[in-house]
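A.B. asks: Shown below is the structure under consideration.
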Amino acid sequence: MSYQKVFKKQLLPALIAVATVPLFSQTTLAAESAITLEEIVVTARKRQESIQDVPVAVTAITPGQLERGSIKNVIDVAKLVPNVELHQTSQGSHSLSPSIRGLSYDDIEKSIETTVGVAIDGVFMASNSGAIFDFFDVESVEVLRGPQGTLFGRNTIGGVINVQRTEPTGEWGGKLEATSGDESMTDLKAILNMPLGDKGGVKIAVKDIESKSHMYNVTNNTRPDFRDSQSASISVKYNFTDNTSAVLTYDDYDHNTTAPDIINTSPATHALCVANPAQNCAAVSSDISAASDYKVSVQKNPLLATLKGENVTLKVTHQGEGYELKYIMGTMEYDELARLGSWGTNGVMFPVVREQTMEQLSHELQYTSDLEGPMNFVLGAYYMEADSYITSGPIQNFTADHSLEASALFGEVNYDLNDTWSLTFGARYTEEDKSLYSRSWAILDSANRVAENLSAATLIGKPTFSDNNTSYRVVLQREFSKGMMYTSYATGFRSGGFFNRGSSQSELLPYQSEEVESFEIGMRSNPTENSQFNITYFNADYTDKQVQVIVPGDDPVCGKGTSANGVTCSFTRNAGQVSMDGLEIEAALMPTEALTLRAAIGTFDGGYDKYDYNGVDISNKANLMYAPELTASLVAEHTSEVAGGSLTINASYSFKDEVYTQAAWATYNPATGPKVTIDSYETFDLSATFLRDMGNGTLKLAVYGTDIFEDGNRVNRRYDAGSFSWAEVVPGRQVGVTLGYEF
């Protein structure tokens, strides 16, 4: 019997049973009412509230869960949150490909907006590069599902990943950790807090991680390097008065990454395979890798993806009588390099060298009321500018400068109609302007990259784009003795613009913004003090959906004429309409003071209602990317007293259903391939964390294993580029040990 059948016939009913115990066993649980679940506070509505009071589909992962479990970075969050898919793109350094409720983004270009926003310390990231980061020195992680356009703004139609780091404590203290794991992995981390007189404090945090790849390269007879990342930050908090404080943080990071080898999946019909079948086909790459359970690769040249930069964040907070005033400023500047030459093959195929720079600056002002009457509100203003530069060659040679300027005014009002009912209304008005200046190049230097000789550049185009949008959110909420219920209607938009790696005028033509309307019904309840049961139904309509189309360069839509060297043409169009709905259940139960159980189940049903490709509706052929019909997780955590300390055992199970990936659906032939699905899979993580008070600090010893029942590796991302295709592989079982000390 397959894993999927086992899950659906045996494990899924068990998960549903665990999830619904708090709802249907109140009498039994009442005896344990002296045990109380930990209250979790979130900022999903720009104010601190209990997660059970917030009419938003939000999952929060606490510092304790991060400390004791196997959630080490952003990607791992998807193990616990329903209807969430998170992937890393190997062609971009620490680049995130997110999908929430079927609203996905899977590219690396700075001119293409994401569907899921990522915010760190209140600063929204303009690009997904650098959005994959390790969790250390983190105060909270929140995943908001559904459009968050009112309070978080543009490009949050799928949701938001909101991360807050700790602030300086103003006291002497520190935390040291060293981890050793499979693939020669070493991870060193340290935090030092110190006072700044009696008015504030300073915090210094450093991290260094190095590791080898999880795939052995049989062409070069070596296990390639993988991660070599260093980061450091210094944060200063100063209390000007009892009511006014400022936190200034500087971050420096250097991610020198050699991406794990990818595998070429090109079928015999793809252009580059036809040109060289002995080198550029699945038979000499992915078939060999699959036969080894994806433990080996044949890629001749490594894929380099580096990111080096600096961030500055300033947060000023003033607590007044009945209100809070907050100002957040953020800057980000980084240089990015990608060098690709083999694309999973055992030779050289379609070499690409890309250098990029990115700069962003944002300002946000928030006024949040804290009134005793029936009405409270949030008002704010936002401004962001972002500029990026890219030069790429040697086959498709182009240089592009992209500029963005966006500003917004927003507000949300909550009014208590009586002791039981409340009404919330919010709106956000956004204006934005974009410009692109793209040139092509014909001269290559000895390093096989574009030589920047302005006299040799040919102008491709200078398009501009402007847009404005008003997003809304309306919520009707009703309290009851064990919790609350709500219904909401929300809209959001994903900005239009340009596809900046286009090398013809047709590829640079602007595309328009896309919009989502979402309807939700939810219940948040605590049947007893030691149980929690939350359920959300959502229904969404997606209009003017942006779809990236990749075709061979000689396709008439490219306007390039006859293609050479397997050149492809890529462009974005507002292709059609999508409808989707689903159900999300999250539950928690503490049967005893020592044991905590958490379960999450997400279902999804969605597809294209219309997909216009050159006047032909291909909605019957196209599929949504990274939209599993079923996701589920179960976590059990048990703590006991052992050897003068506490021992916590954390076991986590996760299931992900089959998903579709990137494909040119207008021309895709399922009979000839390539494969554009990722099979359903299960993971099981296990960790044991021992903490002991040593008098002047706490000793930590932890051992962990991720995906412990899977000896081999697995495909995590696929991409069909038209002329060729590839897949990316993530590790199976990984084990390690951590030694730490906190004082």
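Residues in the structure tokens are named by chain (A, B, ... in the order shown) and by number from 1 within that chain; ligands are numbered from 1 in the order shown.
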Within 9 Å of A:Thr677, counting only C-alpha atoms, which residues qualify if same-chain residues fewer than 4 places away don't, as a PyMOL selection string?

C.D. replies: chain A and resi 658-662+717-718

A.B. asks: Residues within 9 Å of stretch 492-501 of chain A, please, as a ChimeraX atom specification. Count only C-alpha atoms; anything in the same chain fewer than 5 positions from it doesn't count.

C.D. replies: /A:109-115,147-150,153-158,390,392,396,398-402,432,434-438,463-467,469-472,507-518,546,548,570-572

A.B. asks: Would you pick out the contacts of A:Glu529 at 8 Å or less, using only C-alpha atoms, so that residues sharing its chain but fewer than 4 positions from it are not included, and give the list as a PyMOL selection string?

C.D. replies: chain A and resi 33-37

A.B. asks: Which residues come within 9 Å of A:Pro628, counting only C-alpha atoms, excluding same-chain residues fewer than 3 positions away, as a list in words?

C.D. replies: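 Non-adjacent residues within range: Asn83, Val84, Glu85, Arg101, Gly102, Thr603, Phe604, Asp605, Met625, Thr631, Lys656, Asp657, Glu658, Val659, Tyr660 and Ser680 of chain A.
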
A.B. asks: Just the residues within 9 Å of A:Asn243, please, counting only C-alpha atoms, with nothing from its chain fewer than 6 positions along; format it as JSON, numbers by chain.

C.D. replies: {"A": [317, 318, 319, 320]}

A.B. asks: Please return as a PyMOL selection string: the residues of stretch 100-345 of chain A that backbone DSSP assigns to strand (DSSP E or B).

C.D. replies: chain A and resi 100+103-104+116-120+123-124+129+134+138-145+159-165+173-181+185-195+200-212+216-217+222+225-239+244-259+263-264+296-297+303-320+323-340

A.B. asks: Excluding A:Arg45 and any residue of its chain fewer than 2 positions from it, enumerate the residues within 7 Å of it, using only C-alpha atoms, and give them as a ChimeraX atom specification.

C.D. replies: /A:43,47,151

A.B. asks: What's around A:Glu586 at 8 Å? Count only C-alpha atoms, leave out sequence neighbours fewer than 4 positions away in its own chain, and write the answer as a list of chain:residue names.

C.D. replies: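 Contacts, with the query itself left out: A:Ala19, A:Phe533, A:Asn534, A:Ile535, A:Arg598, A:Ala599, A:Ala600, A:Ile601.
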
A.B. asks: Could you check the closest approach to A:Tyr238 for each of A:Asp198, A:Glu171, A:Cys569, A:Ala190 and tell me which residue wins, using only C-alpha atoms?

C.D. replies: A:Asp198

A.B. asks: Give me, as a list in words, the residues of stretch 453-540 of chain A that a backbone DSSP run labels alpha helix (DSSP H).

C.D. replies: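 Assigned to alpha helix (DSSP H), within stretch 453-540 of chain A: Gln505, Ser506, Glu507 and Leu508 of chain A.
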